[in-house]
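J.: See model_15.cif below, with mmCIF, C-alpha atoms.
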data_run
#
loop_
_atom_site.label_atom_id
_atom_site.label_comp_id
_atom_site.auth_asym_id
_atom_site.auth_seq_id
_atom_site.Cartn_x
_atom_site.Cartn_y
_atom_site.Cartn_z
CA MET A 1 109.93 114.14 107.04
CA MET A 2 109.26 111.15 109.30
CA SER A 3 107.03 111.02 112.32
CA SER A 4 108.38 107.61 113.36
CA PRO A 5 111.24 105.25 112.46
CA CYS A 6 110.60 103.83 109.00
CA ASN A 7 112.63 101.01 107.44
CA THR A 8 111.74 102.26 103.98
CA CYS A 9 113.07 105.76 104.68
CA HIS A 10 116.22 104.16 106.09
CA ALA A 11 116.73 102.26 102.81
CA GLN A 12 116.42 98.93 104.60
CA TRP A 13 113.53 97.81 102.40
CA PRO A 14 113.17 96.85 99.58
CA ASP A 15 116.57 95.35 98.86
CA ASP A 16 118.64 96.90 96.05
CA GLU A 17 118.91 93.58 94.21
CA TYR A 18 115.22 93.99 93.25
CA TRP A 19 115.58 97.55 91.88
CA ILE A 20 113.96 98.19 88.50
CA ALA A 21 113.93 101.95 87.97
CA ASP A 22 113.80 105.35 89.61
CA LEU A 23 110.74 107.31 88.51
CA GLU A 24 109.85 110.87 89.50
CA THR A 25 108.02 110.36 92.79
CA THR A 26 108.60 106.63 93.25
CA VAL A 27 111.11 103.78 92.89
CA ALA A 28 110.08 100.52 91.21
CA TYR A 29 111.25 97.12 92.51
CA LEU A 30 110.44 93.53 91.70
CA ASN A 31 108.73 91.96 94.74
CA ASP A 32 110.94 89.43 96.53
CA ASP A 33 108.03 86.94 96.51
CA GLN A 34 107.56 85.93 92.87
CA PHE A 35 104.70 83.46 93.48
CA PHE A 36 102.85 85.78 91.06
CA PRO A 37 105.55 86.21 88.38
CA GLY A 38 106.31 89.87 87.80
CA ALA A 39 104.77 91.06 91.08
CA SER A 40 106.29 94.49 91.66
CA LEU A 41 106.41 97.31 94.18
CA LEU A 42 106.32 101.04 93.61
CA VAL A 43 107.66 102.89 96.65
CA LEU A 44 107.09 106.60 97.28
CA LYS A 45 110.38 108.49 97.62
CA ARG A 46 109.20 110.59 100.55
CA HIS A 47 107.50 109.46 103.73
CA ALA A 48 103.70 109.45 103.78
CA THR A 49 101.17 106.82 104.75
CA GLU A 50 97.91 107.88 103.06
CA LEU A 51 97.02 109.22 99.61
CA PHE A 52 95.31 112.25 101.11
CA GLN A 53 98.57 113.34 102.79
CA LEU A 54 100.08 114.00 99.37
CA THR A 55 99.64 117.17 97.36
CA ARG A 56 97.38 117.03 94.34
CA ARG A 57 100.45 117.26 92.10
CA GLU A 58 102.12 114.36 93.89
CA ARG A 59 99.00 112.22 93.51
CA THR A 60 98.83 113.03 89.81
CA MET A 61 102.45 112.05 89.26
CA LEU A 62 102.06 108.97 91.45
CA ILE A 63 99.06 107.57 89.57
CA GLU A 64 100.85 108.18 86.24
CA GLU A 65 103.75 106.11 87.54
CA VAL A 66 101.43 103.36 88.82
CA ALA A 67 99.78 103.24 85.38
CA ALA A 68 103.14 103.19 83.57
CA VAL A 69 104.43 100.27 85.65
CA ALA A 70 101.13 98.41 85.20
CA ARG A 71 101.35 98.84 81.44
CA ALA A 72 104.95 97.60 81.44
CA LEU A 73 103.95 94.50 83.46
CA MET A 74 101.00 93.83 81.14
CA GLU A 75 103.39 93.89 78.19
CA SER A 76 106.32 92.01 79.76
CA PHE A 77 104.21 89.16 81.14
CA ALA A 78 101.33 89.12 78.63
CA ALA A 79 99.08 89.55 81.66
CA VAL A 80 95.32 89.00 81.65
CA LYS A 81 94.69 91.56 84.41
CA ILE A 82 96.67 93.85 86.65
CA ASN A 83 95.97 94.12 90.40
CA TYR A 84 96.85 97.40 92.12
CA ALA A 85 96.92 97.80 95.91
CA LEU A 86 98.13 100.33 98.44
CA LEU A 87 97.69 98.62 101.81
CA GLY A 88 100.38 99.53 104.36
CA ASN A 89 99.16 97.34 107.19
CA ARG A 90 102.71 96.10 107.92
CA VAL A 91 104.81 98.78 106.20
CA PRO A 92 102.83 102.02 106.35
CA HIS A 93 105.19 104.01 104.07
CA VAL A 94 103.23 104.45 100.81
CA HIS A 95 104.04 101.58 98.45
CA TRP A 96 101.90 100.01 95.74
CA HIS A 97 101.68 96.34 94.95
CA ILE A 98 101.31 96.05 91.17
CA ILE A 99 100.71 92.41 90.33
CA PRO A 100 100.23 90.95 86.85
CA ARG A 101 97.80 88.02 86.76
CA LEU A 102 98.81 85.60 84.04
CA ILE A 103 96.90 83.12 81.90
CA GLU A 104 98.26 80.26 84.03
CA ASP A 105 97.24 81.93 87.33
CA PRO A 106 96.40 79.29 89.99
CA ALA A 107 93.38 81.27 91.31
CA PRO A 108 92.39 83.87 88.71
CA SER A 109 89.24 85.09 90.46
CA GLU A 110 90.91 85.60 93.85
CA ALA A 111 92.78 88.56 95.32
CA PRO A 112 96.51 87.82 95.65
CA TRP A 113 96.23 87.81 99.46
CA ALA A 114 93.48 85.17 99.38
CA VAL A 115 95.87 82.68 97.74
CA SER A 116 97.95 81.11 100.48
CA ASN A 117 101.43 80.30 99.27
CA GLU A 118 104.98 79.91 100.44
CA PRO A 119 107.12 82.83 99.24
CA ARG A 120 108.71 81.96 95.90
CA ARG A 121 112.15 83.52 95.29
CA ALA A 122 113.23 83.99 91.69
CA ASN A 123 116.59 82.42 90.83
CA PRO A 124 119.29 84.87 89.64
CA ASP A 125 118.54 84.29 85.94
CA GLU A 126 114.78 84.80 86.39
CA LEU A 127 115.42 87.88 88.51
CA SER A 128 117.70 89.44 85.92
CA GLU A 129 115.41 88.52 83.02
CA ARG A 130 112.26 89.87 84.68
CA ILE A 131 113.88 93.12 85.80
CA THR A 132 115.39 93.74 82.37
CA SER A 133 112.11 93.01 80.63
CA ILE A 134 110.10 95.35 82.87
CA ARG A 135 112.74 98.08 82.58
CA THR A 136 112.68 97.84 78.78
CA SER A 137 108.87 98.00 78.62
CA LEU A 138 108.80 100.85 81.10
CA THR A 139 111.35 102.89 79.16
CA ARG A 140 109.52 102.32 75.88
CA GLY A 141 106.11 103.11 77.43
CA ARG A 142 107.27 106.28 79.12
CA ARG A 143 108.97 107.48 75.96
CA ALA A 144 105.68 106.92 74.12
CA VAL A 145 103.83 108.92 76.77
CA THR A 146 106.34 111.75 76.57
CA SER A 147 106.20 111.87 72.79
CA ARG A 148 102.41 112.26 72.97
CA GLY A 149 103.06 115.31 75.15
CA MET B 1 81.56 102.00 75.37
CA MET B 2 81.65 98.33 76.27
CA SER B 3 83.63 95.59 74.60
CA SER B 4 81.73 92.84 76.44
CA PRO B 5 78.65 92.47 78.63
CA CYS B 6 79.31 94.17 81.95
CA ASN B 7 76.97 93.99 84.96
CA THR B 8 78.34 97.26 86.24
CA CYS B 9 77.58 99.10 83.00
CA HIS B 10 74.09 97.57 83.08
CA ALA B 11 73.56 99.04 86.57
CA GLN B 12 73.13 95.57 88.06
CA TRP B 13 75.96 96.10 90.54
CA PRO B 14 76.40 97.63 93.07
CA ASP B 15 72.86 97.86 94.42
CA ASP B 16 71.33 101.34 94.81
CA GLU B 17 70.65 100.78 98.50
CA TYR B 18 74.41 101.15 99.10
CA TRP B 19 74.76 104.43 97.18
CA ILE B 20 76.75 107.16 98.94
CA ALA B 21 77.46 109.87 96.35
CA ASP B 22 78.04 110.64 92.69
CA LEU B 23 81.47 112.17 92.11
CA GLU B 24 82.87 113.41 88.82
CA THR B 25 84.30 110.24 87.29
CA THR B 26 83.06 107.70 89.85
CA VAL B 27 80.14 106.69 92.07
CA ALA B 28 80.75 105.82 95.73
CA TYR B 29 78.90 102.95 97.46
CA LEU B 30 79.15 101.25 100.81
CA ASN B 31 80.31 97.66 100.25
CA ASP B 32 77.56 95.10 100.93
CA ASP B 33 80.01 93.11 103.10
CA GLN B 34 80.59 95.23 106.21
CA PHE B 35 82.93 92.78 107.97
CA PHE B 36 85.33 95.74 107.84
CA PRO B 37 82.98 98.54 108.98
CA GLY B 38 82.91 101.34 106.44
CA ALA B 39 84.35 99.26 103.57
CA SER B 40 83.39 101.16 100.44
CA LEU B 41 83.55 100.94 96.67
CA LEU B 42 84.32 103.64 94.14
CA VAL B 43 83.08 102.63 90.69
CA LEU B 44 84.22 104.31 87.47
CA LYS B 45 81.27 105.75 85.53
CA ARG B 46 82.55 104.56 82.16
CA HIS B 47 83.75 101.12 81.17
CA ALA B 48 87.49 100.44 81.46
CA THR B 49 89.44 97.64 83.12
CA GLU B 50 92.97 99.03 83.61
CA LEU B 51 94.35 102.37 84.81
CA PHE B 52 96.42 102.76 81.64
CA GLN B 53 93.28 102.68 79.49
CA LEU B 54 92.20 106.00 81.00
CA THR B 55 93.32 109.41 79.85
CA ARG B 56 95.78 111.27 82.04
CA ARG B 57 92.99 113.68 83.00
CA GLU B 58 90.69 110.80 83.99
CA ARG B 59 93.42 109.26 86.14
CA THR B 60 94.04 112.59 87.85
CA MET B 61 90.36 113.04 88.65
CA LEU B 62 90.04 109.41 89.70
CA ILE B 63 92.89 109.50 92.20
CA GLU B 64 91.53 112.75 93.67
CA GLU B 65 88.20 110.98 94.24
CA VAL B 66 89.92 107.93 95.74
CA ALA B 67 91.80 110.23 98.14
CA ALA B 68 88.63 112.18 99.02
CA VAL B 69 86.69 109.01 99.89
CA ALA B 70 89.66 107.67 101.88
CA ARG B 71 89.83 110.89 103.88
CA ALA B 72 86.08 110.73 104.55
CA LEU B 73 86.37 107.11 105.77
CA MET B 74 89.35 108.00 107.98
CA GLU B 75 87.25 110.74 109.59
CA SER B 76 83.93 108.88 109.82
CA PHE B 77 85.39 105.70 111.34
CA ALA B 78 88.42 107.13 113.18
CA ALA B 79 90.46 104.66 111.14
CA VAL B 80 94.06 103.70 111.88
CA LYS B 81 94.89 103.01 108.21
CA ILE B 82 93.13 103.00 104.87
CA ASN B 83 93.56 100.13 102.37
CA TYR B 84 93.12 100.95 98.68
CA ALA B 85 92.82 98.29 95.99
CA LEU B 86 91.85 98.06 92.35
CA LEU B 87 91.70 94.34 91.58
CA GLY B 88 89.01 93.38 89.07
CA ASN B 89 89.60 89.64 89.09
CA ARG B 90 85.85 88.92 89.30
CA VAL B 91 84.38 92.24 88.14
CA PRO B 92 86.87 93.76 85.67
CA HIS B 93 85.06 97.14 85.38
CA VAL B 94 87.34 99.61 87.23
CA HIS B 95 86.27 99.83 90.89
CA TRP B 96 88.32 100.60 93.97
CA HIS B 97 87.96 98.95 97.33
CA ILE B 98 88.59 101.62 99.95
CA ILE B 99 88.63 99.97 103.34
CA PRO B 100 89.15 101.69 106.69
CA ARG B 101 91.03 99.56 109.22
CA LEU B 102 89.86 100.37 112.73
CA ILE B 103 91.48 100.20 116.15
CA GLU B 104 89.47 97.04 116.92
CA ASP B 105 90.48 95.32 113.64
CA PRO B 106 90.65 91.51 114.09
CA ALA B 107 93.85 91.18 111.97
CA PRO B 108 95.47 94.61 111.66
CA SER B 109 98.62 93.46 109.88
CA GLU B 110 96.80 91.42 107.21
CA ALA B 111 95.34 92.40 103.85
CA PRO B 112 91.52 92.34 103.92
CA TRP B 113 91.48 89.32 101.57
CA ALA B 114 93.74 87.33 103.87
CA VAL B 115 91.11 87.48 106.63
CA SER B 116 88.58 84.74 105.97
CA ASN B 117 85.12 85.78 107.06
CA GLU B 118 81.47 85.26 106.34
CA PRO B 119 79.98 88.34 104.65
CA ARG B 120 78.54 90.66 107.29
CA ARG B 121 75.48 92.66 106.19
CA ALA B 122 74.79 95.92 107.99
CA ASN B 123 71.30 96.22 109.48
CA PRO B 124 69.16 99.09 108.10
CA ASP B 125 70.10 101.46 110.94
CA GLU B 126 73.83 100.79 110.55
CA LEU B 127 73.56 101.13 106.80
CA SER B 128 71.80 104.47 107.03
CA GLU B 129 74.12 105.77 109.74
CA ARG B 130 77.31 104.78 107.90
CA ILE B 131 76.19 106.16 104.55
CA THR B 132 75.09 109.45 106.10
CA SER B 133 78.33 109.80 108.03
CA ILE B 134 80.52 109.14 104.97
CA ARG B 135 78.42 111.47 102.83
CA THR B 136 78.75 114.26 105.40
CA SER B 137 82.53 113.84 105.70
CA LEU B 138 82.89 113.63 101.94
CA THR B 139 80.90 116.81 101.35
CA ARG B 140 82.88 118.70 104.00
CA GLY B 141 86.22 117.40 102.68
CA ARG B 142 85.46 118.20 99.06
CA ARG B 143 84.26 121.67 99.95
CA ALA B 144 87.58 122.19 101.78
CA VAL B 145 89.50 121.01 98.73
CA THR B 146 87.51 123.30 96.44
CA SER B 147 87.97 126.28 98.72
CA ARG B 148 91.72 125.77 98.64
CA GLY B 149 91.50 126.03 94.85
#
Go ahead and render the structure in this file as structure tokens.
T.:
Amino acid sequence: MMSSPCNTCHAQWPDDEYWIADLETTVAYLNDDQFFPGASLLVLKRHATELFQLTRRERTMLIEEVAAVARALMESFAAVKINYALLGNRVPHVHWHIIPRLIEDPAPSEAPWAVSNEPRRANPDELSERITSIRTSLTRGRRAVTSRG
Amino acid sequence: MMSSPCNTCHAQWPDDEYWIADLETTVAYLNDDQFFPGASLLVLKRHATELFQLTRRERTMLIEEVAAVARALMESFAAVKINYALLGNRVPHVHWHIIPRLIEDPAPSEAPWAVSNEPRRANPDELSERITSIRTSLTRGRRAVTSRG
């Protein structure tokens, strides 16, 4: 499936300690940099680098999963806004940054990448609490979606 | 449709001179800042601020349109990578930034918002040439998609 060596395909990134949930086409992780609390990643299970390389069905499933994670982050962190980005300038394997912007955000009108910051690691308690909270919201949200058909 | 005053809903942004094409759920524009040549916007026709506020059908159509514009930009600008972002920190009305990153990019491993720059306006010839090129690629690409069923 790969045209070139890919750390994501080789399971070298992201690290398992940040794992939230396996979805259908993607895997959700908490981002290791928690400068924006709740910042998460949604990584495509197969190798691709652009949206238009996916099938229509894959894109449909993917955007449902992006929306489900965004809704879970909105709920878990009482976010004001969600930021969604698929960049791939360093890691081309399709992965979304899904970033809740909270009421206490240090730069609410700026894109996350315009806010220079040292990476902020969560301590083990924060990590566990955030992952559990997102997982719970995600499970509840997806059950609600399923029950609506 | 609006819960609050919205410049986008009042057709005050983006400016018509940047119009590329009307798609089904969105309208495509060239971004007024052309620091990244070809940087474009895809603006949802109705008011919403988060992906999970849309219906599943709207999300499906939306992501198809995002992918179609990305493919057109890849072709028109011989891009190395496409960046896709739905942020909304200043303008909450759903709009995607779809930004081709070219071979001569000044900071290829950085997010667009991490590259500080003065806004770069295209001159009238560049504007016309870029819009025409994207429109042509978009029409060809969407015809191809339609013909594949």
J.: Please tabulate, as a tab-separated table, the residues of chain A that come within 6 Å of chain B, each with its closest pair of atoms and the distance in Å to one decimal, counting only C-alpha atoms and ordering rows by chain, then residue number upward.
T.:
residue	atom	partner	partner_atom	distance
A:Leu51	CA	B:Ala67	CA	5.5
A:Phe52	CA	B:Ala67	CA	5.0
A:Thr60	CA	B:Thr60	CA	5.2
A:Ala67	CA	B:Phe52	CA	5.1
A:Asn83	CA	B:Leu87	CA	4.4
A:Tyr84	CA	B:Leu86	CA	5.0
A:Ala85	CA	B:Ala85	CA	4.1
A:Leu86	CA	B:Tyr84	CA	5.1
A:Leu87	CA	B:Asn83	CA	4.4
A:Asn89	CA	B:Ser109	CA	4.8
A:Arg90	CA	B:Ser109	CA	5.2
A:Ser109	CA	B:Asn89	CA	4.8
A:Trp113	CA	B:Ala114	CA	5.1
A:Ala114	CA	B:Ala114	CA	5.0
J.: Could you jot down the atom CA of B:Gly38 to atom CA of B:Trp13 separation for me, Å, one decimal place?
T.: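 Interatomic distance here is 18.1 Å.
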J.: Could I have chain A as a short mmCIF file (atom, residue, chain, number, x, y, z; two decimals) with C-alpha atoms, in the coordinates of the input after it is superimposed on chain B by least squares, pairing all C-alpha atoms in sequence order?
T.:
data_model
loop_
_atom_site.label_atom_id
_atom_site.label_comp_id
_atom_site.auth_asym_id
_atom_site.auth_seq_id
_atom_site.Cartn_x
_atom_site.Cartn_y
_atom_site.Cartn_z
CA MET A 1 81.88 101.83 75.28
CA MET A 2 81.84 98.15 76.23
CA SER A 3 83.76 95.35 74.62
CA SER A 4 81.76 92.70 76.50
CA PRO A 5 78.63 92.45 78.66
CA CYS A 6 79.30 94.15 81.98
CA ASN A 7 76.96 93.99 84.98
CA THR A 8 78.34 97.28 86.25
CA CYS A 9 77.57 99.10 82.99
CA HIS A 10 74.08 97.57 83.09
CA ALA A 11 73.53 99.04 86.58
CA GLN A 12 73.12 95.57 88.06
CA TRP A 13 75.95 96.10 90.55
CA PRO A 14 76.38 97.64 93.09
CA ASP A 15 72.84 97.87 94.42
CA ASP A 16 71.31 101.34 94.82
CA GLU A 17 70.63 100.79 98.52
CA TYR A 18 74.40 101.15 99.11
CA TRP A 19 74.77 104.44 97.18
CA ILE A 20 76.75 107.17 98.93
CA ALA A 21 77.46 109.87 96.35
CA ASP A 22 78.03 110.65 92.70
CA LEU A 23 81.46 112.17 92.12
CA GLU A 24 82.86 113.42 88.81
CA THR A 25 84.30 110.24 87.29
CA THR A 26 83.06 107.71 89.85
CA VAL A 27 80.14 106.69 92.08
CA ALA A 28 80.73 105.83 95.74
CA TYR A 29 78.90 102.95 97.47
CA LEU A 30 79.15 101.25 100.82
CA ASN A 31 80.31 97.65 100.27
CA ASP A 32 77.56 95.10 100.93
CA ASP A 33 79.99 93.10 103.11
CA GLN A 34 80.59 95.23 106.21
CA PHE A 35 82.92 92.76 107.97
CA PHE A 36 85.34 95.73 107.84
CA PRO A 37 82.98 98.53 108.97
CA GLY A 38 82.91 101.34 106.44
CA ALA A 39 84.35 99.26 103.58
CA SER A 40 83.39 101.16 100.44
CA LEU A 41 83.54 100.95 96.66
CA LEU A 42 84.31 103.64 94.14
CA VAL A 43 83.06 102.64 90.69
CA LEU A 44 84.20 104.32 87.47
CA LYS A 45 81.26 105.77 85.52
CA ARG A 46 82.53 104.57 82.16
CA HIS A 47 83.74 101.13 81.17
CA ALA A 48 87.47 100.44 81.46
CA THR A 49 89.43 97.65 83.09
CA GLU A 50 92.95 99.05 83.60
CA LEU A 51 94.34 102.38 84.79
CA PHE A 52 96.41 102.77 81.64
CA GLN A 53 93.25 102.69 79.48
CA LEU A 54 92.17 106.00 80.99
CA THR A 55 93.30 109.42 79.83
CA ARG A 56 95.75 111.28 82.02
CA ARG A 57 92.96 113.68 82.99
CA GLU A 58 90.68 110.82 83.98
CA ARG A 59 93.41 109.27 86.13
CA THR A 60 94.02 112.60 87.84
CA MET A 61 90.35 113.05 88.65
CA LEU A 62 90.02 109.41 89.69
CA ILE A 63 92.89 109.50 92.20
CA GLU A 64 91.51 112.76 93.67
CA GLU A 65 88.20 110.99 94.23
CA VAL A 66 89.91 107.93 95.74
CA ALA A 67 91.79 110.24 98.13
CA ALA A 68 88.64 112.18 99.03
CA VAL A 69 86.70 109.02 99.88
CA ALA A 70 89.66 107.67 101.87
CA ARG A 71 89.83 110.88 103.88
CA ALA A 72 86.09 110.74 104.55
CA LEU A 73 86.37 107.12 105.76
CA MET A 74 89.35 108.00 107.98
CA GLU A 75 87.26 110.73 109.58
CA SER A 76 83.93 108.87 109.82
CA PHE A 77 85.40 105.71 111.33
CA ALA A 78 88.43 107.13 113.17
CA ALA A 79 90.46 104.66 111.12
CA VAL A 80 94.06 103.69 111.86
CA LYS A 81 94.88 103.01 108.20
CA ILE A 82 93.14 103.00 104.86
CA ASN A 83 93.57 100.14 102.35
CA TYR A 84 93.12 100.96 98.66
CA ALA A 85 92.80 98.28 95.97
CA LEU A 86 91.83 98.07 92.33
CA LEU A 87 91.69 94.34 91.57
CA GLY A 88 88.99 93.38 89.05
CA ASN A 89 89.58 89.64 89.07
CA ARG A 90 85.83 88.93 89.29
CA VAL A 91 84.36 92.26 88.12
CA PRO A 92 86.85 93.77 85.68
CA HIS A 93 85.06 97.15 85.37
CA VAL A 94 87.33 99.61 87.23
CA HIS A 95 86.24 99.83 90.87
CA TRP A 96 88.30 100.61 93.96
CA HIS A 97 87.96 98.95 97.32
CA ILE A 98 88.59 101.64 99.94
CA ILE A 99 88.63 99.97 103.34
CA PRO A 100 89.14 101.69 106.69
CA ARG A 101 91.03 99.56 109.21
CA LEU A 102 89.86 100.37 112.71
CA ILE A 103 91.49 100.19 116.13
CA GLU A 104 89.49 97.03 116.90
CA ASP A 105 90.50 95.32 113.62
CA PRO A 106 90.65 91.51 114.07
CA ALA A 107 93.85 91.17 111.95
CA PRO A 108 95.48 94.60 111.64
CA SER A 109 98.63 93.45 109.86
CA GLU A 110 96.80 91.42 107.20
CA ALA A 111 95.34 92.40 103.84
CA PRO A 112 91.53 92.33 103.90
CA TRP A 113 91.48 89.33 101.54
CA ALA A 114 93.74 87.31 103.86
CA VAL A 115 91.11 87.48 106.62
CA SER A 116 88.57 84.75 105.95
CA ASN A 117 85.11 85.79 107.06
CA GLU A 118 81.46 85.26 106.34
CA PRO A 119 79.96 88.33 104.65
CA ARG A 120 78.53 90.66 107.29
CA ARG A 121 75.47 92.67 106.19
CA ALA A 122 74.79 95.93 107.99
CA ASN A 123 71.29 96.22 109.48
CA PRO A 124 69.16 99.09 108.10
CA ASP A 125 70.10 101.48 110.93
CA GLU A 126 73.84 100.79 110.56
CA LEU A 127 73.56 101.14 106.80
CA SER A 128 71.80 104.48 107.03
CA GLU A 129 74.14 105.78 109.74
CA ARG A 130 77.32 104.77 107.91
CA ILE A 131 76.19 106.16 104.56
CA THR A 132 75.10 109.46 106.11
CA SER A 133 78.34 109.80 108.03
CA ILE A 134 80.53 109.14 104.98
CA ARG A 135 78.42 111.48 102.83
CA THR A 136 78.76 114.27 105.40
CA SER A 137 82.54 113.84 105.69
CA LEU A 138 82.89 113.64 101.93
CA THR A 139 80.89 116.82 101.36
CA ARG A 140 82.86 118.70 104.00
CA GLY A 141 86.22 117.40 102.70
CA ARG A 142 85.48 118.22 99.09
CA ARG A 143 84.28 121.69 100.00
CA ALA A 144 87.56 122.21 101.86
CA VAL A 145 89.50 121.06 98.79
CA THR A 146 87.53 123.37 96.52
CA SER A 147 88.01 126.34 98.81
CA ARG A 148 91.78 125.79 98.70
CA GLY A 149 91.48 126.07 94.92
#
J.: Write out as a PyMOL selection string which residues come within 7 Å of A:Ala21 when counting only C-alpha atoms, dropping same-chain ones fewer than 5 positions away.
T.: chain A and resi 27-28+135
J.: Pick from A:Asn123, A:Asn7, A:Ser128, A:Ser137: nearest to A:Ser76, with only C-alpha atoms counted?
T.: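 The answer is A:Ser137, which sits nearest to A:Ser76.
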J.: Would you work out the distance separating atom CA of B:His95 from atom CA of A:His95, expressed in Å to one decimal?
T.: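 Atom-to-atom, atom CA of B:His95 to atom CA of A:His95, that is 19.4 Å.
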J.: Written as a ChimeraX atom specification, what is the full residue list that the PyMOL selection byres ((chain B and resi 127) around 12) yields on the file shown?
T.: /B:17-20,29-34,37-40,120-126,128-134
J.: Atom CA of B:Ile103 and atom CA of B:Phe35, how far apart in Å?
T.: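 These two atoms are separated by 14.0 Å.
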J.: I need the output of the PyMOL selection byres ((chain A and resi 11) around 12) for this file as a list of chain:residue names; which residues are they?
T.: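 Against this file, the PyMOL selection byres ((chain A and resi 11) around 12) returns the residues A:Pro5, A:Cys6, A:Asn7, A:Thr8, A:Cys9, A:His10, A:Gln12, A:Trp13, A:Pro14, A:Asp15, A:Asp16, A:Trp19, A:Val27, A:Val43, A:Leu44, A:Lys45, A:Arg46, A:His47, A:His93.
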